[in-house]
Amino acid sequence: MNSPHFPTASRRAFLKAAGSAAAVSALAGIKIPYVHAAEDSSIEVALVGCGGRGTGAADNALSVSGPPLKLVAMADVSQKKLEGSLQALNAQHAAKIDVPADRQFVGFDGFKHAMDALKPGGVAIFTTPLAFRWVHFQYAIEKGLNVFMEKPLIADAFSAKKMYALAEESVKKDLKVGVGLMSRHSKAMIELHDRVQGGEIGDIILMRGYRMAGPLASAFSEKWPGTGSELLWQISRFHSFLWASGGCYSDFYIHHIDHCCWMKDAWPVKAQAVGGRHYRYNYVDQNFDSYGVEYTFADNTKFLMDGRCMVGAVPMYNSFAQGTKGLAVISKNGDCGTPSSTYSSQSVDKDKLIWQSNDTSNPYQNEWDTLISAIRENRPHNEVKRGVDASVTTSLGRMAAHTGQEVTWDDFMACDQVFAPDVDKLTLESPAFLHCDADGKYPVPQPGISKKYEYEVVKQA
Ligand SMILES: NC(=O)c1ccc[n+]([C@@H]2O[C@H](COP(=O)([O-])OP(=O)(O)OC[C@H]3O[C@@H](n4cnc5c(N)ncnc54)[C@H](O)[C@@H]3O)[C@@H](O)[C@H]2O)c1
């Protein structure tokens, strides 16, 4: 494999190819040697959210070296997704899977049953859309379970406060918790971070992240067909709805936002932004087609994050840090694509190359190897607070674009718009959080008009 990056599209292809051993192999990463001999090292795993990433994360878990991990329970709101995931995983890891029908749980309460099935020391995987993260994590803490949860962790201040509090609780309980911001486990980026912090490119004055591509995943939605559950339809198209995912800005751009801020070892204090819906005539989702966000750090350094979902516009998918003495290419292509490199010039100039990474290990596997070795060796490992910080940073940039206002960290945290009230009480019969109007449209951001909230909810008559 040339790059450790697995674009979301590949994950979807993987899920579609459920049952194909080749597809699972494609997601298997390079493993680090197992170093510790605990007495009974078998670790049970439960998967909550059996879509593309959930299947990939379970594959990473079952690929960790040493005493095998065992998948013992699965939960999803969709029977079909659960079955597809189980079939794909069975094709590659049959000996490590023991999920009979009575440990397959369908429904919003499935997460509880799946976690109840784990013995102490087990790991719960949370790979649903983010709206459910705090609900699931709260229960894992109650049960004393270790967790791997996917990014982003929150999209509104209400959930951020919940997750910050839960992060503290989980640290107090010494739970080991990994968060799917896999850049942090890219060995190339770890070395780059050391070099940047060591002054190789001088003081950082500007960072840039670009995620510009055509329509991606479920970020564009045409009208709800009008039959079946509107709630489940929105969940199945979660990139379209801010309550479910924070939209394409939060879901797609968080990796660049996280690793750029990491290179500086700081989070920004505020953001201002532009963005708009240019070609959304037939689409009813809440996303913009373009976002240009300018983050400012306490020392007035800037970070520009540009995102675009447009057919025909030039694709760009990389990130850079510019310093007083040179340039760092953080991700060459993708969310964390190697090689990372540094230059003594302000542009990518081969003659000015200082360093280029040569590690090609898979960050998605590395993050699991790290989590499991922390569990086996009982070392502290908890990435939740950092994951919430990255998610708040992402959200305040999104809010600046959607409201047309400058948004500080404190403004975001003080915002009382709760995207998914009572999300912990949902049943398969619950109504959706947002209802479409007579034209099938949902409320969208109106910068400069709706200045306080990212969208105005129209109450149903
Ligand atoms: N780190 C990465 O590079 C990366 C890549 C892809 C996705 N992700 C993250 O993983 C998460 C899932 O993304 P995906 O692409 O796998 O989406 P997906 O739609 O393929 O999978 C999500 C699954 O969760 C299920 N689900 C939704 N709500 C549920 C609930 N309350 N209880 C149980 N199951 C529920 C859905 O039915 C679906 O099967 C997102 O947060 C996404 O941002 C991370």
# chains A, B, ... in the order shown; residues from 1 in each chain; ligands from 1
call {"tool": "residues_near_ligand", "arguments": {"ligand": "ligand 1", "cutoff": "7 Å", "atoms": "only C-alpha atoms and all ligand atoms", "output": "VMD selection string"}}
result
chain A and resid 7 to 8 11 to 12 48 to 54 75 to 78 81 to 82 107 to 108 110 to 111 127 to 130 132 150 to 152 180 to 182 235 to 236 245 251
call {"tool": "select_by_dssp", "arguments": {"residues": "segment 112-263 of chain A", "states": "strand (DSSP E)", "output": "list in words"}}
result
Val123, Ala124, Ile125, Phe126, Asn146, Val147, Phe148, Met149, Val177, Gly178, Val179, Ile204, Ile205, Leu206, Met207, Arg208, Gly209, Tyr210, Arg211, Met212 and Ala213 of chain A
call {"tool": "write_last_selection", "arguments": {"atoms": "C-alpha atoms", "output": "mmCIF file, in the first residue's frame"}}
result
data_model
loop_
_atom_site.group_PDB
_atom_site.id
_atom_site.type_symbol
_atom_site.label_atom_id
_atom_site.label_comp_id
_atom_site.auth_asym_id
_atom_site.auth_seq_id
_atom_site.Cartn_x
_atom_site.Cartn_y
_atom_site.Cartn_z
ATOM 1 C CA VAL A 123 -13.839 -2.640 24.083
ATOM 2 C CA ALA A 124 -16.947 -1.001 22.641
ATOM 3 C CA ILE A 125 -16.605 0.528 19.167
ATOM 4 C CA PHE A 126 -18.805 3.558 18.445
ATOM 5 C CA ASN A 146 -12.805 0.649 27.144
ATOM 6 C CA VAL A 147 -13.856 2.404 23.961
ATOM 7 C CA PHE A 148 -12.839 3.245 20.439
ATOM 8 C CA MET A 149 -15.038 6.023 19.064
ATOM 9 C CA VAL A 177 -10.311 5.386 24.998
ATOM 10 C CA GLY A 178 -9.168 5.872 21.422
ATOM 11 C CA VAL A 179 -10.678 8.516 19.116
ATOM 12 C CA ILE A 204 4.540 28.889 12.299
ATOM 13 C CA ILE A 205 2.873 31.919 10.739
ATOM 14 C CA LEU A 206 0.218 30.282 8.565
ATOM 15 C CA MET A 207 -1.390 26.890 8.076
ATOM 16 C CA ARG A 208 -3.618 25.780 5.216
ATOM 17 C CA GLY A 209 -5.967 22.832 4.789
ATOM 18 C CA TYR A 210 -7.823 21.953 1.590
ATOM 19 C CA ARG A 211 -10.560 19.437 1.077
ATOM 20 C CA MET A 212 -12.043 20.136 -2.298
ATOM 21 C CA ALA A 213 -13.759 17.432 -4.272
#
call {"tool": "select_by_dssp", "arguments": {"residues": "segment 27-156 of chain A", "states": "helix (DSSP H, G or I)", "output": "ChimeraX atom specification"}}
result
/A:27,52-62,79-96,101-103,110-116,130-143
call {"tool": "atom_distance", "arguments": {"atom1": "atom CA of Asn318 of chain A", "atom2": "atom CA of Asn333 of chain A"}}
result
4.9 Å
call {"tool": "residues_around", "arguments": {"residues": "Val423 of chain A", "least_positions_apart": "5", "cutoff": "10 Å", "atoms": "only C-alpha atoms", "output": "number ranges by chain"}}
result
A: 108, 131-132, 134-135, 243-244, 430, 433
call {"tool": "write_last_selection", "arguments": {"atoms": "C-alpha atoms", "output": "short mmCIF file (atom, residue, chain, number, x, y, z; two decimals), in the first residue's frame"}}
result
data_model
loop_
_atom_site.label_atom_id
_atom_site.label_comp_id
_atom_site.auth_asym_id
_atom_site.auth_seq_id
_atom_site.Cartn_x
_atom_site.Cartn_y
_atom_site.Cartn_z
CA PHE A 108 -31.74 2.57 19.28
CA ALA A 131 -25.26 12.55 17.46
CA PHE A 132 -25.22 9.35 19.53
CA TRP A 134 -22.30 10.97 24.27
CA VAL A 135 -25.22 8.60 24.84
CA TRP A 243 -28.00 17.39 14.03
CA ALA A 244 -26.62 14.00 12.98
CA SER A 430 -39.68 8.59 17.02
CA PHE A 433 -35.60 16.20 14.61
#
call {"tool": "atom_distance", "arguments": {"atom1": "atom CA of Lys70 of chain A", "atom2": "atom CA of Ala46 of chain A"}}
result
8.7 Å
call {"tool": "residues_around", "arguments": {"residues": "Leu86 of chain A", "least_positions_apart": "4", "cutoff": "12 Å", "atoms": "only C-alpha atoms", "output": "VMD selection string"}}
result
chain A and resid 15 17 to 20 24 46 to 47 49 to 52 54 to 56 58 to 59 71 to 76 79 to 82 90 to 94 96 to 101 103 to 104
call {"tool": "residues_around", "arguments": {"residues": "Arg184 of chain A", "least_positions_apart": "2", "cutoff": "12 Å", "atoms": "only C-alpha atoms", "output": "PyMOL selection string"}}
result
chain A and resi 178-182+186-193+255-263+330-331+335-336+362-368+370+383+386-387+390
call {"tool": "closest_residue", "arguments": {"among": "A:Leu371, A:Val293, A:Leu428, A:Val392", "to": "Lys176 of chain A", "atoms": "only C-alpha atoms"}}
result
A:Leu371
call {"tool": "closest_residue", "arguments": {"among": "A:Arg308, A:Lys451, A:Arg195, A:Lys270", "to": "Asn287 of chain A", "atoms": "only C-alpha atoms"}}
result
A:Arg308
call {"tool": "residues_around", "arguments": {"residues": "Gln322 of chain A", "least_positions_apart": "3", "cutoff": "12 Å", "atoms": "only C-alpha atoms", "output": "ChimeraX atom specification"}}
result
/A:196,199-209,260,263-264,301-304,319,325-330,341-348
call {"tool": "write_last_selection", "arguments": {"atoms": "C-alpha atoms", "output": "CSV table (one decimal), in the first residue's frame"}}
result
chain,number,residue,atom,x,y,z
A,196,VAL,CA,8.1,21.4,13.5
A,199,GLY,CA,12.0,24.6,14.9
A,200,GLU,CA,12.8,23.1,11.6
A,201,ILE,CA,10.6,25.5,9.7
A,202,GLY,CA,10.9,28.3,12.2
A,203,ASP,CA,7.8,29.8,13.9
A,204,ILE,CA,4.5,28.9,12.3
A,205,ILE,CA,2.9,31.9,10.7
A,206,LEU,CA,0.2,30.3,8.6
A,207,MET,CA,-1.4,26.9,8.1
A,208,ARG,CA,-3.6,25.8,5.2
A,209,GLY,CA,-6.0,22.8,4.8
A,260,CYS,CA,-2.9,21.5,11.5
A,263,MET,CA,1.5,21.0,14.4
A,264,LYS,CA,1.1,24.3,16.3
A,301,THR,CA,-1.3,33.1,13.7
A,302,LYS,CA,-3.8,32.1,11.1
A,303,PHE,CA,-5.1,28.8,9.8
A,304,LEU,CA,-7.1,28.7,6.6
A,319,SER,CA,-2.4,20.5,4.2
A,325,LYS,CA,12.2,29.4,7.9
A,326,GLY,CA,10.3,27.2,5.5
A,327,LEU,CA,7.3,25.0,4.7
A,328,ALA,CA,5.9,21.7,5.9
A,329,VAL,CA,3.7,19.5,3.8
A,330,ILE,CA,1.6,17.8,6.5
A,341,SER,CA,8.0,16.7,4.2
A,342,THR,CA,9.8,19.9,5.1
A,343,TYR,CA,11.5,22.5,2.9
A,344,SER,CA,13.7,25.5,3.5
A,345,SER,CA,11.6,27.5,1.0
A,346,GLN,CA,8.0,28.7,1.2
A,347,SER,CA,6.9,26.4,-1.7
A,348,VAL,CA,7.4,22.7,-2.6
call {"tool": "closest_residue", "arguments": {"among": "A:Val45, A:Leu166, A:Ala400, A:Ala95", "to": "Tyr249 of chain A", "atoms": "only C-alpha atoms"}}
result
A:Ala400
call {"tool": "residues_around", "arguments": {"residues": "Gly214 of chain A", "least_positions_apart": "4", "cutoff": "7 Å", "atoms": "only C-alpha atoms", "output": "PyMOL selection string"}}
result
chain A and resi 309-311
call {"tool": "write_last_selection", "arguments": {"atoms": "C-alpha atoms", "output": "PDB file, in the first residue's frame"}}
result
ATOM      1  CA  CYS A 309     -18.040  20.036  -2.887  1.00  0.00           C
ATOM      2  CA  MET A 310     -18.419  20.942  -6.546  1.00  0.00           C
ATOM      3  CA  VAL A 311     -18.253  19.025  -9.778  1.00  0.00           C
TER       4      VAL A 311
END
